[in-house]
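S.K.: Please find upload_38.cif (mmCIF, C-alpha atoms) on the next line:
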data_target
#
loop_
_atom_site.label_atom_id
_atom_site.label_comp_id
_atom_site.auth_asym_id
_atom_site.auth_seq_id
_atom_site.Cartn_x
_atom_site.Cartn_y
_atom_site.Cartn_z
CA MET P 1 98.36 90.42 113.81
CA LEU P 2 101.99 89.36 114.18
CA GLY P 3 103.13 92.06 111.77
CA ALA P 4 101.50 94.77 113.86
CA LEU P 5 103.22 93.49 117.02
CA MET P 6 106.60 93.71 115.27
CA HIS P 7 106.07 97.23 113.98
CA GLU P 8 107.20 98.80 117.27
CA PRO P 9 109.28 97.34 120.17
CA ILE P 10 107.34 96.40 123.29
CA SER P 11 107.99 98.25 126.55
CA ILE P 12 108.94 96.41 129.76
CA LYS P 13 108.67 98.25 133.07
CA VAL P 14 109.44 97.29 136.67
CA LEU P 15 107.17 99.21 139.04
CA ARG P 16 106.92 99.44 142.81
CA SER P 17 103.75 100.45 144.63
CA HIS P 18 103.96 103.31 147.13
CA ALA P 19 104.03 102.38 150.80
CA ASP P 20 101.08 104.68 151.32
CA PRO P 21 98.03 103.02 149.64
CA SER P 22 96.42 106.42 149.23
CA ALA P 23 99.34 107.77 147.18
CA PRO P 24 98.54 107.95 143.47
CA GLY P 25 100.46 106.01 140.86
CA GLU P 26 103.48 103.75 141.12
CA HIS P 27 107.25 104.28 141.23
CA LEU P 28 109.19 103.32 138.09
CA LEU P 29 112.33 101.33 138.97
CA GLY P 30 113.53 100.35 135.53
CA GLU P 31 112.49 100.20 131.89
CA ALA P 32 113.58 98.61 128.61
CA ARG P 33 112.28 98.11 125.09
CA VAL P 34 112.46 94.76 123.29
CA SER P 35 111.75 93.94 119.65
CA LEU P 36 109.62 90.89 118.89
CA VAL P 37 111.26 90.36 115.51
CA SER P 38 113.31 87.60 117.20
CA LEU P 39 110.15 85.47 117.17
CA LEU P 40 110.80 84.85 113.48
CA ASP P 41 114.12 83.16 114.27
CA ASN P 42 112.11 80.10 115.30
CA LEU P 43 109.37 79.75 112.69
CA SER P 44 108.26 76.33 113.94
CA SER P 45 107.08 77.69 117.30
CA LEU P 46 107.25 81.51 116.90
CA SER P 47 109.02 81.82 120.25
CA ALA P 48 112.06 83.68 121.56
CA GLU P 49 114.07 84.02 124.76
CA TRP P 50 116.02 86.95 126.18
CA ASP P 51 118.61 86.08 128.85
CA ALA P 52 119.66 89.49 130.15
CA ILE P 53 117.50 92.51 129.39
CA ASP P 54 119.11 95.58 130.97
CA LEU P 55 116.54 97.47 133.08
CA GLY P 56 118.95 99.97 134.58
CA ALA P 57 121.37 100.09 137.50
CA SER P 58 118.70 100.02 140.20
CA VAL P 59 117.09 96.83 138.90
CA GLY P 60 119.69 94.92 136.92
CA THR P 61 118.73 92.45 134.22
CA LEU P 62 115.63 90.44 133.45
CA SER P 63 115.19 87.10 131.68
CA MET P 64 112.06 86.69 129.59
CA SER P 65 110.53 84.45 126.97
CA ALA P 66 107.65 85.04 124.56
CA THR P 67 105.54 82.87 122.28
CA PHE P 68 103.11 84.06 119.62
CA ALA P 69 99.86 82.10 119.37
CA PRO P 70 97.64 83.11 116.43
CA GLY P 71 94.18 84.17 117.55
CA GLY P 72 91.15 82.28 116.31
CA LEU P 73 88.06 83.73 114.69
CA ALA P 74 86.62 84.36 118.16
CA ASP P 75 89.59 86.55 119.16
CA ALA P 76 88.55 90.19 119.67
CA ALA P 77 91.66 91.59 117.96
CA VAL P 78 91.03 89.42 114.90
CA ARG P 79 87.33 90.28 114.72
CA SER P 80 87.98 94.04 114.97
CA GLN P 81 90.03 94.14 111.75
CA HIS P 82 88.24 96.22 109.12
CA GLY P 83 88.10 95.34 105.47
CA ARG P 84 85.91 94.39 102.53
CA LEU P 85 84.18 91.09 101.90
CA GLN P 86 83.74 90.56 98.17
CA VAL P 87 81.12 88.03 97.17
CA HIS P 88 81.63 87.10 93.53
CA VAL P 89 78.30 85.81 92.20
CA HIS P 90 79.08 83.53 89.28
CA ALA P 91 76.26 81.30 88.06
CA GLY P 92 73.21 79.30 89.02
CA SER P 93 72.38 75.86 87.68
CA ASP P 94 69.21 73.75 87.66
CA LEU P 95 67.24 76.65 89.17
CA ALA P 96 63.56 76.20 90.01
CA LEU P 97 62.41 78.28 87.04
CA THR P 98 59.45 77.63 84.76
CA GLY P 99 58.69 79.42 81.52
CA THR P 100 60.75 82.22 79.99
CA ILE P 101 62.76 84.70 82.06
CA ASP P 102 61.67 87.91 80.38
CA ARG P 103 61.65 90.19 83.43
CA GLY P 104 64.99 89.12 84.83
CA CYS P 105 66.46 87.23 87.77
CA PHE P 106 68.88 88.58 90.36
CA VAL P 107 70.79 87.31 93.38
CA ARG P 108 70.25 88.82 96.83
CA VAL P 109 73.07 88.34 99.38
CA PHE P 110 72.72 88.83 103.15
CA ALA P 111 76.05 89.27 104.99
CA GLY P 112 76.95 90.99 108.26
CA GLY P 113 73.48 92.47 108.70
CA ARG P 114 73.63 94.05 105.22
CA VAL P 115 71.82 93.20 101.99
CA LEU P 116 73.04 93.68 98.40
CA ASP P 117 71.41 92.73 95.09
CA SER P 118 73.11 91.79 91.84
CA ALA P 119 71.91 93.12 88.52
CA ALA P 120 68.90 91.38 86.99
CA ILE P 121 69.54 89.30 83.88
CA THR P 122 67.23 87.62 81.41
CA GLY P 123 67.89 84.27 79.85
CA GLY P 124 64.98 83.14 77.74
CA TYR P 125 63.77 79.65 78.57
CA THR P 126 66.50 78.22 80.78
CA ARG P 127 67.27 76.91 84.26
CA ASP P 128 70.93 77.99 84.14
CA LEU P 129 71.95 81.64 84.52
CA SER P 130 75.32 83.46 84.74
CA TRP P 131 75.75 86.79 86.56
CA GLU P 132 79.55 87.22 86.94
CA GLU P 133 79.22 90.14 89.35
CA ALA P 134 81.05 91.10 92.57
CA LEU P 135 79.12 92.48 95.55
CA THR P 136 81.21 94.29 98.18
CA PHE P 137 80.39 94.47 101.91
CA GLU P 138 82.47 96.71 104.19
CA GLY P 139 82.94 96.48 107.95
CA PRO P 140 84.82 94.67 110.73
CA LEU P 141 85.68 91.04 110.13
CA GLY P 142 83.59 90.01 113.14
CA ASP P 143 80.42 91.00 111.28
CA PHE P 144 80.99 88.30 108.68
CA VAL P 145 82.68 85.31 110.35
CA GLN P 146 80.94 82.59 112.36
CA VAL P 147 77.59 83.63 110.90
CA LYS P 148 75.87 82.30 107.80
CA VAL P 149 75.91 84.21 104.52
CA GLU P 150 72.44 83.76 103.00
CA VAL P 151 71.78 83.91 99.28
CA GLN P 152 68.49 84.15 97.44
CA VAL P 153 67.75 83.88 93.73
CA MET P 154 64.82 86.16 92.91
CA ALA P 155 62.67 86.48 89.78
CA GLN P 156 61.14 89.85 88.95
CA THR P 157 57.37 89.94 88.32
CA ALA P 158 54.86 92.27 86.74
CA SER P 159 53.57 93.28 90.17
CA GLY P 160 56.99 94.63 91.19
CA GLU P 161 57.35 92.14 94.05
CA PRO P 162 60.00 89.52 93.15
CA ASP P 163 59.31 85.82 93.57
CA LEU P 164 61.71 83.63 95.51
CA VAL P 165 63.29 81.05 93.19
CA GLY P 166 65.75 79.48 95.62
CA VAL P 167 67.43 80.12 98.96
CA GLY P 168 70.58 78.75 100.62
CA ALA P 169 73.30 79.60 103.11
CA THR P 170 77.01 79.01 103.58
CA ASP P 171 79.93 80.03 105.80
CA PHE P 172 82.26 82.83 104.72
CA ALA P 173 85.19 81.60 106.88
CA ARG P 174 85.18 78.41 108.93
CA SER P 175 88.67 78.82 110.43
CA MET P 176 91.71 81.11 110.45
CA ALA P 177 93.33 78.90 107.80
CA HIS P 178 90.23 79.31 105.61
CA LEU P 179 90.28 83.09 106.16
CA ASP P 180 93.99 83.25 105.27
CA LEU P 181 93.25 81.43 102.02
CA MET P 182 90.50 83.91 101.14
CA THR P 183 92.91 86.77 101.85
CA GLU P 184 95.85 85.33 99.91
CA GLU P 185 94.04 83.87 96.88
CA LEU P 186 93.66 86.52 94.22
CA GLY P 187 90.06 86.46 93.01
CA GLY P 188 88.77 84.57 96.03
CA VAL P 189 87.95 81.01 97.00
CA GLY P 190 85.06 79.26 95.29
CA THR P 191 82.13 77.49 96.88
CA SER P 192 78.85 76.00 95.69
CA VAL P 193 75.63 76.64 97.64
CA GLN P 194 72.76 74.17 97.53
CA LEU P 195 69.48 76.02 97.03
CA ARG P 196 66.02 75.06 98.22
CA PRO P 197 63.84 73.77 96.59
CA SER P 198 66.39 72.98 93.86
CA GLY P 199 69.47 74.22 92.10
CA ARG P 200 72.96 75.40 93.02
CA LEU P 201 74.64 78.80 93.07
CA SER P 202 78.41 79.14 92.58
CA LEU P 203 80.17 81.92 94.50
CA LYS P 204 83.64 83.10 95.41
CA PHE P 205 84.55 84.80 98.69
CA GLU P 206 87.48 87.20 99.01
CA TRP P 207 88.57 89.18 102.11
CA LEU P 208 90.45 92.45 101.46
CA PRO P 209 91.98 93.96 104.63
CA ALA P 210 91.56 97.73 104.90
CA ARG P 211 95.14 98.40 105.99
CA PRO P 212 98.39 96.83 104.78
CA VAL P 213 100.55 94.92 107.24
CA PRO P 214 103.10 97.36 108.76
CA VAL P 215 106.78 96.53 108.36
CA SER P 216 109.27 97.91 110.89
CA ALA P 217 112.76 98.98 109.86
CA GLU P 218 114.29 96.11 111.86
CA LEU P 219 112.03 93.53 110.23
CA ALA P 220 112.82 94.90 106.78
CA ALA P 221 116.56 94.79 107.55
CA ARG P 222 116.40 91.17 108.68
CA PHE P 223 114.16 90.05 105.81
CA PRO P 224 114.92 92.43 102.89
CA LEU P 225 112.32 90.93 100.55
CA ILE P 226 109.34 91.12 102.91
CA ALA P 227 108.36 94.70 102.04
CA SER P 228 108.64 93.96 98.31
CA CYS P 229 106.50 90.81 98.63
CA LEU P 230 103.77 92.69 100.51
CA GLN P 231 103.87 95.50 97.93
CA ILE P 232 103.51 92.98 95.09
CA LYS P 233 100.45 91.48 96.82
CA ARG P 234 98.89 94.94 97.15
CA ASP P 235 99.65 95.75 93.51
CA LYS P 236 98.00 92.52 92.38
CA ARG P 237 94.84 93.58 94.18
CA GLU P 238 94.76 96.88 92.30
CA ALA P 239 96.17 96.07 88.86
CA PRO P 240 94.01 94.57 86.09
CA VAL P 241 94.53 90.83 85.60
CA GLU P 242 95.47 91.44 81.96
CA ALA P 243 98.33 93.73 83.02
CA ILE P 244 99.69 91.13 85.45
CA LEU P 245 99.57 88.32 82.89
CA ALA P 246 101.25 90.50 80.26
CA HIS P 247 104.13 91.52 82.55
CA PRO P 248 107.40 89.76 81.64
CA ALA P 249 108.07 88.89 85.31
#
Show this structure as structure tokens.
M.R.:
Amino acid sequence: MLGALMHEPISIKVLRSHADPSAPGEHLLGEARVSLVSLLDNLSSLSAEWDAIDLGASVGTLSMSATFAPGGLADAAVRSQHGRLQVHVHAGSDLALTGTIDRGCFVRVFAGGRVLDSAAITGGYTRDLSWEEALTFEGPLGDFVQVKVEVQVMAQTASGEPDLVGVGATDFARSMAHLDLMTEELGGVGTSVQLRPSGRLSLKFEWLPARPVPVSAELAARFPLIASCLQIKRDKREAPVEAILAHPA
């Protein structure tokens, strides 16, 4: 994450190998520390240049440039980020149901090698049901991206073994832009899953990172509002929607 890279300056070292190959280690000739906050001076390319970095009297100065390229969903650093995937199960329509639903129907969600069930609801004689329940999966992001999230609508039976009413699958995040939207959008991003043999199930996906983005003192000094904006985003995640809507701001 770009914010994590800016939390602490990077270290630049000039080293010289020992003449004797058997000698351990290397000899330090010069060292400097450089902040990457300058990358934000050029938001169109996220790049920066340093003309004369002082590495000490024995080395002199060094010229350097850096460019930040956001990692994709296959990037190891991106996939290792821990957090919570919230699957908001809303409603099913035109489900393959016959007769009355007196024993209840529930939704089973498979994500990241884990399985969670919603509560069972009854609905009389109907093919449309509404659950309005959030199921939370925890783990590294890599467990959930670039794999299908499978959903099943199940009907409870007298035997105790539920019958499969419908099954479907969808992607949690198709790209970094899609993931960013699921992280930024309070309440998640909606999708509709086609079920087999019939019906649709409406869901919302929301990704909640486990740790807030760190803000260095230099970054906060250059952009005074950034810490406040990030704090507001965290507060929105924790505060009830009614409290946010009632606030005069």
S.K.: Please determine an axis-aligned box that encloses all atoms of range 192-211 of chain P listed in the file, with 5 Å added on each side, and express its centre and edge lengths in Å to one decimal as lines of an AutoDock Vina configuration file.
M.R.:
center_x = 79.5
center_y = 85.7
center_z = 99.0
size_x = 41.3
size_y = 35.4
size_z = 23.9
S.K.: Selected by the PyMOL selection byres ((chain P and resi 117-121) around 9) in the shown coordinates: which residues, as number ranges by chain?
M.R.: P: 89, 101-109, 115-116, 122-123, 129-131, 133-135, 154-156
S.K.: CA of Leu201 in chain P to CA of Val149 in chain P: how many Å, to one decimal?
M.R.: 12.7 Å
S.K.: What is the distance between CA of Arg200 in chain P and CA of Ala91 in chain P, in Å to one decimal?
M.R.: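 Computing the Euclidean distance for CA of Arg200 in chain P and CA of Ala91 in chain P yields 8.4 Å.
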S.K.: Just say which residues the PyMOL selection byres ((chain P and resi 73) around 8) picks in this file, as a VMD selection string.
M.R.: chain P and resid 71 to 72 74 to 75 78 to 79 142 145 to 146 175 to 176
S.K.: The selected residues should be written to file as a tab-separated table (two decimals), keeping the file's coordinate frame (atoms: C-alpha atoms).
M.R.:
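After the write, part-v3.tsv holds the following:
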chain	number	residue	atom	x	y	z
P	71	GLY	CA	94.18	84.17	117.55
P	72	GLY	CA	91.15	82.28	116.31
P	74	ALA	CA	86.62	84.36	118.16
P	75	ASP	CA	89.59	86.55	119.16
P	78	VAL	CA	91.03	89.42	114.90
P	79	ARG	CA	87.33	90.28	114.72
P	142	GLY	CA	83.59	90.01	113.14
P	145	VAL	CA	82.68	85.31	110.35
P	146	GLN	CA	80.94	82.59	112.36
P	175	SER	CA	88.67	78.82	110.43
P	176	MET	CA	91.71	81.11	110.45
S.K.: To one decimal place in Å, what is the distance between CA of Pro224 in chain P and CA of Leu208 in chain P?
M.R.: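 Between CA of Pro224 in chain P and CA of Leu208 in chain P the gap works out to 24.5 Å.
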S.K.: Which residues fall under the PyMOL selection byres ((chain P and resi 35) around 8) in this file, as a JSON list (two decimals) with C-alpha atoms, in the coordinates of the input?
M.R.:
[["chain", "number", "residue", "atom", "x", "y", "z"],
["P", 6, "MET", "CA", 106.60, 93.71, 115.27],
["P", 8, "GLU", "CA", 107.20, 98.80, 117.27],
["P", 9, "PRO", "CA", 109.28, 97.34, 120.17],
["P", 10, "ILE", "CA", 107.34, 96.40, 123.29],
["P", 33, "ARG", "CA", 112.28, 98.11, 125.09],
["P", 34, "VAL", "CA", 112.46, 94.76, 123.29],
["P", 36, "LEU", "CA", 109.62, 90.89, 118.89],
["P", 37, "VAL", "CA", 111.26, 90.36, 115.51],
["P", 38, "SER", "CA", 113.31, 87.60, 117.20]]
S.K.: Leaving out His88 in chain P and any residue of its chain fewer than 3 positions from it, which residues lie within 9 Å of it when counting all atoms listed in the file, given as a PyMOL selection string?
M.R.: chain P and resi 132-136+187-188+190+202-206
